[in-house]
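What follows is a short report on a single structure.
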Amino acid sequence: MTDIITTKNLTKIYQGHIKAVDSLNITINEGEIYGLLGPNGAGKTTTINMLTTRISPTSGTAIVAGKDIIKDSMGVRKSIGVVPQDLTADEDLTGRENLVMVAQFYDVPKSVYEERIERLLKLVDMEEPADRLVRGYSGGMRKRLELIVGLVNEPKILFLDEPTLGLDVQTRTQMWSYVREIQKKLDVTIILTSHYLEEIDALADRVSIIDHGKILITGSPQELKASLKGDVVTVTFKTQEQADIMKRIPNVVEVTDSGPNSVRIKLENADDSLPDVINYISSKELSTVKLTVQKPSLDEVFLEYTGKDIRAEEPGDARKTMMNLRRLRK
Amino acid sequence: MSGLGPLTMRELKKWYRNPVFLITGLIQPFFWVALFGSAFDITRFVSGADAKVVLDGATNYITYIVGGVLTITGLFTAMFAGTNIIFDRRLGPMGRFLSSPIRRSSIVLSKILSAIFRILPQALILVVAAILIPNGLVFANGFNVIDALVVVAAVILVSFIFSSIFSVIAIRMTNMNSIFGIVNLVNLPLMFMSYAMFAPGMMAPWLSNIAQYNPVSWSAEAIRTVIINGNVTTSAQWTSIGWWLGGLAILAVALILFTAYMAEKEIRD
């Protein structure tokens, strides 16, 4: 496999001391869907912004599609497509006019872009609304338009920053199939950041978990889940004393706190060991409020490596997020 | 791969597709020439011979102020050229522009260029309106192609100057109200601290002293000279026009270069 992106000690320091991205060294293979997962302020968007040349690194560099992001930023921009987190289409123009304008930014000749835009519209089922003003689009339509705006220059690499943020579950699943379709048909490498673990799980060939500007682990979603070595049982009790007693349970992989009156127990195999846990609870006469068994999921992987629950996180810039949601719901 | 063409086209589409924006912009010059022409008509207070002096030789007050009103129309439209930069930043398109392989200066220069394209039809309507209204614009000494070119050059240059200034202000701004506040603060002072409405001799000396350095005055005076004198023949008049247009041109070029430099360096999401 060939590398299409290689970062070399890529670093971004804000205001002289805030290390948003810390000596990042990653390689992304041609043709894969690569997911970047991390809590708020982990450095995901900063990394994407540096790779797409929207901001320049404090030190280090990266080679994107064979071009240096610092020495040849225009060359990088020509080879990549970007679908930013925010909606970028002009509401006063039609979908097609937006696509044509961006095609002209890349000096694509008219004869080429007309045919290409037609093909892209078809790919995401947008032929019908293409000549209506974007202002009248639904949230799903706007996101589909954003997706193909990033493709009018036939990029080698497509960056998707939170592509389904604010969409309902049904529309989100639909977006996933479009992303898969794009990767298959257009043979493009996709870099994806997402807040939805199931999105990364469903789409990514490989995923890196990033926190405090550093990569914690990289692998396929299956490998990451397997790396957890076991299932997780979470038990909630009526009091903290009971939770503390539970923490003394023998013969388990690991026991940790998991919120008020709760304990997170890691077992090699829940199917075999769950009876032991239940026996321990009844032998100590503890009163449980809730007991859940979780097979390894990306959520658990995330919690394991970052110590944080991604569900508790609010994505990105709150103002922009709210604005996007408002516009998507119109 | 500058992006200036498609970006300017986008601005113009937004303009001609918005009927309110289009129509108000086109009616406005008519109002101005009719209202200003009546409201400030000083010839009502002076008799025949004196009026000629007050009006610098013009047949009537409308003929005298057409140069001023043309300039002010350019000025007022140009001052809003930068506001769309803030809209683009707030509504999202800026993110797309910044990740495209276009020159960043094109983002700002497209606003300036489209403002010029919007001003030209306004200027044409204004001249037609001034001719049509009673006691309106009279070309007593004729009007030729060169005169017309002087008028167009003055309006375009003054529009470049002020749209550049206000675009530079908007490059780093995120709040629409700030720029509206600045526009409101300076629009009337710029207009009244110039020779757009009144001859230098009619103004308080301190005001006239300031007004002579105002580009609005240069444009108004240049247009006025060709409108009043028609086929300009005297070299003294050509020298004055040359100074005024030259001053405007130097200022316009300097400000556009500065705007382009600031846009390349400073514009961000």
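Ligands are numbered from 1 in the order shown, chains are lettered A, B, ... in the order of the structure tokens, and residues start at 1 in each chain.
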* Hey, what's within 7 Å of Leu126 of chain B if we count only C-alpha atoms and toss same-chain stuff fewer than 3 positions away? As an MDAnalysis selection string, please? -> chainID B and resid 29:30 33 122:123 129:130
Expected file contents, prior selection, N, CA and C atoms, as a short mmCIF file (atom, residue, chain, number, x, y, z; two decimals), in the first residue's frame:
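Output (out19.cif):
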```
data_model
loop_
_atom_site.label_atom_id
_atom_site.label_comp_id
_atom_site.auth_asym_id
_atom_site.auth_seq_id
_atom_site.Cartn_x
_atom_site.Cartn_y
_atom_site.Cartn_z
N PRO B 29 -30.80 56.77 -6.85
CA PRO B 29 -30.18 57.94 -7.49
C PRO B 29 -31.21 58.97 -7.95
N PHE B 30 -32.37 58.49 -8.35
CA PHE B 30 -33.43 59.40 -8.79
C PHE B 30 -33.87 60.28 -7.62
N VAL B 33 -31.10 62.93 -6.68
CA VAL B 33 -30.92 64.09 -7.53
C VAL B 33 -32.12 65.02 -7.41
N GLN B 122 -26.47 52.62 -11.69
CA GLN B 122 -27.02 53.68 -10.83
C GLN B 122 -26.62 55.05 -11.38
N ALA B 123 -25.37 55.16 -11.79
CA ALA B 123 -24.87 56.44 -12.30
C ALA B 123 -25.61 56.82 -13.58
N ALA B 129 -32.21 60.66 -15.03
CA ALA B 129 -33.21 61.30 -14.16
C ALA B 129 -32.95 62.80 -14.07
N ALA B 130 -31.69 63.17 -13.96
CA ALA B 130 -31.35 64.59 -13.83
C ALA B 130 -31.75 65.36 -15.08
#
```
* Among the residues of segment 57-144 of chain A, find those DSSP assigns to helix (DSSP H, G or I) from the backbone and print them as a ChimeraX atom specification. => /A:73-79,95-105,110-123,129-131,134-136,139-144
For the interface of chain A with chain B (cut-off 10 Å, counting only C-alpha atoms), please tabulate each contacting residue of chain A alongside its nearest pair of atoms and their separation in Å to one decimal, rows sorted by chain and increasing number, as a tab-separated table.
```
residue	atom	partner	partner_atom	distance
A:Asn49	CA	B:Ser99	CA	8.9
A:Thr52	CA	B:Ser99	CA	6.7
A:Thr53	CA	B:Ser99	CA	7.1
A:Arg54	CA	B:Ser99	CA	6.0
A:Ile55	CA	B:Arg268	CA	9.1
A:Ser73	CA	B:Pro101	CA	8.5
A:Met74	CA	B:Pro101	CA	5.6
A:Gly75	CA	B:Pro101	CA	8.0
A:Val76	CA	B:Pro101	CA	8.6
A:Arg77	CA	B:Pro101	CA	5.4
A:Lys78	CA	B:Pro101	CA	6.0
A:Ser79	CA	B:Pro101	CA	9.5
A:Ile80	CA	B:Ser100	CA	9.1
A:Gly81	CA	B:Ser99	CA	8.4
A:Val82	CA	B:Ser99	CA	7.0
A:Val83	CA	B:Arg96	CA	8.2
A:Pro84	CA	B:Gly95	CA	7.3
A:Gln85	CA	B:Gly95	CA	9.3
A:Asp86	CA	B:Gly92	CA	6.1
A:Leu87	CA	B:Gly92	CA	5.6
A:Thr88	CA	B:Pro93	CA	4.2
A:Ala89	CA	B:Pro93	CA	5.8
A:Asp90	CA	B:Pro93	CA	6.2
A:Glu91	CA	B:Leu91	CA	8.9
A:Asp92	CA	B:Lys14	CA	6.3
A:Leu93	CA	B:Lys14	CA	7.5
A:Glu97	CA	B:Arg10	CA	8.7
A:Asn98	CA	B:Arg10	CA	8.9
A:Val100	CA	B:Pro6	CA	8.6
A:Met101	CA	B:Pro6	CA	5.6
A:Val102	CA	B:Ser100	CA	7.8
A:Ala103	CA	B:Pro6	CA	9.3
A:Gln104	CA	B:Pro6	CA	6.4
A:Phe105	CA	B:Gly3	CA	5.1
A:Tyr106	CA	B:Met1	CA	6.4
A:Asp107	CA	B:Met1	CA	6.0
A:Val108	CA	B:Met1	CA	9.7
A:Glu146	CA	B:Arg96	CA	9.7
A:Val149	CA	B:Arg96	CA	9.2
A:Gly150	CA	B:Arg96	CA	9.0
A:Asn153	CA	B:Ser100	CA	9.9
A:Lys320	CA	B:Arg90	CA	8.8
A:Met323	CA	B:Leu91	CA	8.6
A:Asn324	CA	B:Leu91	CA	9.1
A:Arg327	CA	B:Leu91	CA	9.6
```
Residues from the last selection, C-alpha atoms, saved as a JSON list (two decimals), in the first residue's frame:
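To be explicit, this is the file written out as selection.json:
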```json
[["chain", "number", "residue", "atom", "x", "y", "z"],
["A", 49, "ASN", "CA", -7.03, 22.33, 9.16],
["A", 52, "THR", "CA", -5.97, 21.09, 4.27],
["A", 53, "THR", "CA", -3.67, 24.18, 4.56],
["A", 54, "ARG", "CA", -6.28, 26.36, 6.21],
["A", 55, "ILE", "CA", -3.78, 27.02, 9.00],
["A", 73, "SER", "CA", 0.06, 24.69, -0.15],
["A", 74, "MET", "CA", -1.63, 25.58, -3.46],
["A", 75, "GLY", "CA", -0.57, 22.19, -4.85],
["A", 76, "VAL", "CA", -2.11, 20.47, -1.83],
["A", 77, "ARG", "CA", -5.36, 22.43, -2.18],
["A", 78, "LYS", "CA", -5.64, 21.36, -5.81],
["A", 79, "SER", "CA", -5.33, 17.66, -4.96],
["A", 80, "ILE", "CA", -7.77, 17.55, -2.07],
["A", 81, "GLY", "CA", -11.48, 18.01, -1.49],
["A", 82, "VAL", "CA", -12.79, 19.37, 1.77],
["A", 83, "VAL", "CA", -16.20, 19.04, 3.36],
["A", 84, "PRO", "CA", -15.93, 21.27, 6.42],
["A", 85, "GLN", "CA", -18.07, 20.90, 9.49],
["A", 86, "ASP", "CA", -19.97, 24.10, 8.66],
["A", 87, "LEU", "CA", -22.33, 24.40, 5.75],
["A", 88, "THR", "CA", -20.51, 26.37, 3.07],
["A", 89, "ALA", "CA", -22.94, 26.54, 0.17],
["A", 90, "ASP", "CA", -24.32, 29.95, -0.77],
["A", 91, "GLU", "CA", -28.04, 29.93, 0.03],
["A", 92, "ASP", "CA", -28.82, 32.52, -2.64],
["A", 93, "LEU", "CA", -27.54, 30.31, -5.45],
["A", 97, "GLU", "CA", -24.47, 27.14, -9.35],
["A", 98, "ASN", "CA", -22.58, 26.41, -6.15],
["A", 100, "VAL", "CA", -20.08, 25.35, -10.93],
["A", 101, "MET", "CA", -18.53, 28.17, -8.88],
["A", 102, "VAL", "CA", -16.27, 25.78, -6.98],
["A", 103, "ALA", "CA", -15.37, 23.93, -10.22],
["A", 104, "GLN", "CA", -14.28, 27.30, -11.62],
["A", 105, "PHE", "CA", -12.11, 27.86, -8.53],
["A", 106, "TYR", "CA", -10.12, 24.84, -9.76],
["A", 107, "ASP", "CA", -10.07, 26.03, -13.39],
["A", 108, "VAL", "CA", -11.95, 22.92, -14.50],
["A", 146, "GLU", "CA", -21.63, 19.75, 0.65],
["A", 149, "VAL", "CA", -18.97, 20.19, -3.63],
["A", 150, "GLY", "CA", -15.84, 18.65, -2.13],
["A", 153, "ASN", "CA", -12.10, 18.87, -8.62],
["A", 320, "LYS", "CA", -21.22, 27.33, 14.96],
["A", 323, "MET", "CA", -26.04, 27.81, 13.79],
["A", 324, "ASN", "CA", -25.61, 24.70, 11.68],
["A", 327, "ARG", "CA", -29.97, 25.98, 9.38]]
```
* Asked: Taking only C-alpha atoms into account, which of B:Val216, B:Leu132, B:Ala252, B:Ile85 comes nearest Ser164 of chain B?
  -> B:Ala252
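With only C-alpha atoms as the atoms that count, the residue of A:Pro109, A:Gly38, A:Gly16, A:Pro155 with the shortest distance to Ile190 of chain A is A:Pro155.
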List every residue of segment 250-277 of chain A that has an atom at most 7 Å from any atom of segment 230-239 of chain A, giving for each one its closest atom pair and the distance in Å to one decimal, counting only C-alpha atoms, sorted by chain and then by ascending residue number, as a Markdown table.
```
| residue | atom | partner | partner_atom | distance |
| --- | --- | --- | --- | --- |
| A:Asn261 | CA | A:Phe237 | CA | 5.3 |
| A:Ser262 | CA | A:Thr236 | CA | 4.2 |
| A:Val263 | CA | A:Val235 | CA | 5.4 |
| A:Arg264 | CA | A:Thr234 | CA | 4.5 |
| A:Ile265 | CA | A:Val233 | CA | 5.1 |
| A:Lys266 | CA | A:Val232 | CA | 4.6 |
| A:Leu267 | CA | A:Asp231 | CA | 5.3 |
| A:Glu268 | CA | A:Gly230 | CA | 4.1 |
| A:Asn269 | CA | A:Gly230 | CA | 5.6 |
| A:Ala270 | CA | A:Asp231 | CA | 5.7 |
```
Go ahead and dump the residues you just picked, N, CA and C atoms, as a tab-separated table (two decimals), in the first residue's frame.
```tsv
chain	number	residue	atom	x	y	z
A	261	ASN	N	-21.78	5.79	42.66
A	261	ASN	CA	-22.28	4.48	43.08
A	261	ASN	C	-22.11	3.40	42.01
A	262	SER	N	-21.24	3.64	41.03
A	262	SER	CA	-21.12	2.68	39.93
A	262	SER	C	-19.71	2.13	39.83
A	263	VAL	N	-19.65	0.91	39.36
A	263	VAL	CA	-18.37	0.23	39.21
A	263	VAL	C	-18.31	-0.38	37.82
A	264	ARG	N	-17.14	-0.27	37.21
A	264	ARG	CA	-16.96	-0.84	35.87
A	264	ARG	C	-16.00	-2.02	36.01
A	265	ILE	N	-16.48	-3.18	35.68
A	265	ILE	CA	-15.69	-4.39	35.87
A	265	ILE	C	-15.35	-4.97	34.50
A	266	LYS	N	-14.07	-5.22	34.30
A	266	LYS	CA	-13.66	-5.79	33.02
A	266	LYS	C	-13.45	-7.30	33.18
A	267	LEU	N	-14.08	-8.06	32.30
A	267	LEU	CA	-13.98	-9.52	32.37
A	267	LEU	C	-13.42	-10.03	31.06
A	268	GLU	N	-12.71	-11.17	31.14
A	268	GLU	CA	-12.19	-11.70	29.88
A	268	GLU	C	-13.31	-12.13	28.97
A	269	ASN	N	-14.32	-12.77	29.56
A	269	ASN	CA	-15.46	-13.19	28.77
A	269	ASN	C	-16.70	-13.15	29.65
A	270	ALA	N	-17.59	-12.23	29.36
A	270	ALA	CA	-18.75	-12.02	30.22
A	270	ALA	C	-19.65	-13.26	30.25
```
* To do: Could you give me, as a PyMOL selection string, the residues within 10 Å of Ile65 of chain B, counting only C-alpha atoms and dropping anything in the same chain fewer than 4 positions from it?
  => chain B and resi 33+36-37+40-41+55+58+60-61+69-71+130+137+195-199+220-221+223-224
* Asked: Taking the backbone alone, and naming residues the way the document does, which bits of segment 207-290 of chain A are strand (DSSP E) by DSSP, as a count of residues only?
  -> 31
* To do: Please provide as an MDAnalysis selection string all residues within 12 Å of Ala204 of chain A, with the sequence filter that same-chain residues fewer than 4 positions apart are discarded (counting only C-alpha atoms).
  => chainID A and resid 28 31:37 160 176 179:180 183 189:194 196:200 208 218:222 298
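Note that the spacing between atom CA of Arg119 of chain A and atom CA of Ile148 of chain A amounts to 9.9 Å.
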Do you know which residues are at most 12 Å from Leu149 of chain B counting only C-alpha atoms, after dropping those on the same chain fewer than 3 positions away, and could you put them as a PDB file with N, CA and C atoms, in the first residue's frame?
```pdb
ATOM      1  N   PHE B 143     -21.471  68.124 -24.705  1.00  0.00           N
ATOM      2  CA  PHE B 143     -20.963  67.008 -23.904  1.00  0.00           C
ATOM      3  C   PHE B 143     -20.454  65.958 -24.876  1.00  0.00           C
ATOM      4  N   ASN B 144     -19.161  65.640 -24.795  1.00  0.00           N
ATOM      5  CA  ASN B 144     -18.628  64.687 -25.768  1.00  0.00           C
ATOM      6  C   ASN B 144     -18.132  63.404 -25.098  1.00  0.00           C
ATOM      7  N   VAL B 145     -17.581  62.523 -25.919  1.00  0.00           N
ATOM      8  CA  VAL B 145     -17.158  61.209 -25.419  1.00  0.00           C
ATOM      9  C   VAL B 145     -16.099  61.346 -24.326  1.00  0.00           C
ATOM     10  N   ILE B 146     -15.178  62.289 -24.543  1.00  0.00           N
ATOM     11  CA  ILE B 146     -14.114  62.468 -23.540  1.00  0.00           C
ATOM     12  C   ILE B 146     -14.711  62.911 -22.206  1.00  0.00           C
ATOM     13  N   VAL B 152     -17.175  58.798 -15.983  1.00  0.00           N
ATOM     14  CA  VAL B 152     -17.117  57.374 -15.606  1.00  0.00           C
ATOM     15  C   VAL B 152     -15.845  57.098 -14.785  1.00  0.00           C
ATOM     16  N   ALA B 153     -14.726  57.668 -15.229  1.00  0.00           N
ATOM     17  CA  ALA B 153     -13.464  57.434 -14.509  1.00  0.00           C
ATOM     18  C   ALA B 153     -13.555  57.941 -13.071  1.00  0.00           C
ATOM     19  N   ALA B 154     -14.116  59.145 -12.908  1.00  0.00           N
ATOM     20  CA  ALA B 154     -14.196  59.716 -11.559  1.00  0.00           C
ATOM     21  C   ALA B 154     -15.066  58.850 -10.660  1.00  0.00           C
ATOM     22  N   VAL B 155     -16.228  58.429 -11.174  1.00  0.00           N
ATOM     23  CA  VAL B 155     -17.140  57.609 -10.347  1.00  0.00           C
ATOM     24  C   VAL B 155     -16.479  56.278  -9.993  1.00  0.00           C
ATOM     25  N   ILE B 156     -15.854  55.644 -10.978  1.00  0.00           N
ATOM     26  CA  ILE B 156     -15.219  54.340 -10.726  1.00  0.00           C
ATOM     27  C   ILE B 156     -14.085  54.483  -9.712  1.00  0.00           C
ATOM     28  N   LEU B 157     -13.261  55.523  -9.878  1.00  0.00           N
ATOM     29  CA  LEU B 157     -12.112  55.679  -8.980  1.00  0.00           C
ATOM     30  C   LEU B 157     -12.561  55.946  -7.550  1.00  0.00           C
ATOM     31  N   ALA B 222     -14.169  67.286 -10.776  1.00  0.00           N
ATOM     32  CA  ALA B 222     -13.780  66.837 -12.110  1.00  0.00           C
ATOM     33  C   ALA B 222     -15.017  66.659 -12.984  1.00  0.00           C
ATOM     34  N   ILE B 223     -16.030  65.996 -12.435  1.00  0.00           N
ATOM     35  CA  ILE B 223     -17.261  65.763 -13.208  1.00  0.00           C
ATOM     36  C   ILE B 223     -17.936  67.105 -13.531  1.00  0.00           C
ATOM     37  N   VAL B 226     -16.394  69.098 -16.465  1.00  0.00           N
ATOM     38  CA  VAL B 226     -16.745  68.672 -17.829  1.00  0.00           C
ATOM     39  C   VAL B 226     -18.222  68.905 -18.130  1.00  0.00           C
ATOM     40  N   ILE B 227     -19.082  68.805 -17.119  1.00  0.00           N
ATOM     41  CA  ILE B 227     -20.516  69.001 -17.368  1.00  0.00           C
ATOM     42  C   ILE B 227     -20.819  70.472 -17.650  1.00  0.00           C
ATOM     43  N   ILE B 241      -8.437  68.980 -14.048  1.00  0.00           N
ATOM     44  CA  ILE B 241      -9.035  67.640 -14.170  1.00  0.00           C
ATOM     45  C   ILE B 241      -7.949  66.568 -14.011  1.00  0.00           C
ATOM     46  N   LEU B 245      -8.238  63.699 -11.243  1.00  0.00           N
ATOM     47  CA  LEU B 245      -8.299  62.281 -11.617  1.00  0.00           C
ATOM     48  C   LEU B 245      -7.006  61.565 -11.254  1.00  0.00           C
TER      49      LEU B 245
END
```
* Phe162 of chain B surroundings by only C-alpha atoms, 7 Å radius, close-in-sequence under 5 positions cut, as a VMD selection string -> chain B and resid 75 78 to 79
Export of prior selection with N, CA and C atoms as an mmCIF file, in the first residue's frame:
```cif
data_model
loop_
_atom_site.group_PDB
_atom_site.id
_atom_site.type_symbol
_atom_site.label_atom_id
_atom_site.label_comp_id
_atom_site.auth_asym_id
_atom_site.auth_seq_id
_atom_site.Cartn_x
_atom_site.Cartn_y
_atom_site.Cartn_z
ATOM 1 N N LEU B 75 -20.002 56.601 -3.553
ATOM 2 C CA LEU B 75 -19.488 56.515 -2.180
ATOM 3 C C LEU B 75 -20.372 55.628 -1.308
ATOM 4 N N ALA B 78 -20.362 52.008 -2.341
ATOM 5 C CA ALA B 78 -19.033 51.431 -2.107
ATOM 6 C C ALA B 78 -18.792 51.128 -0.629
ATOM 7 N N MET B 79 -19.343 51.976 0.247
ATOM 8 C CA MET B 79 -19.082 51.784 1.668
ATOM 9 C C MET B 79 -19.633 50.452 2.182
#
```
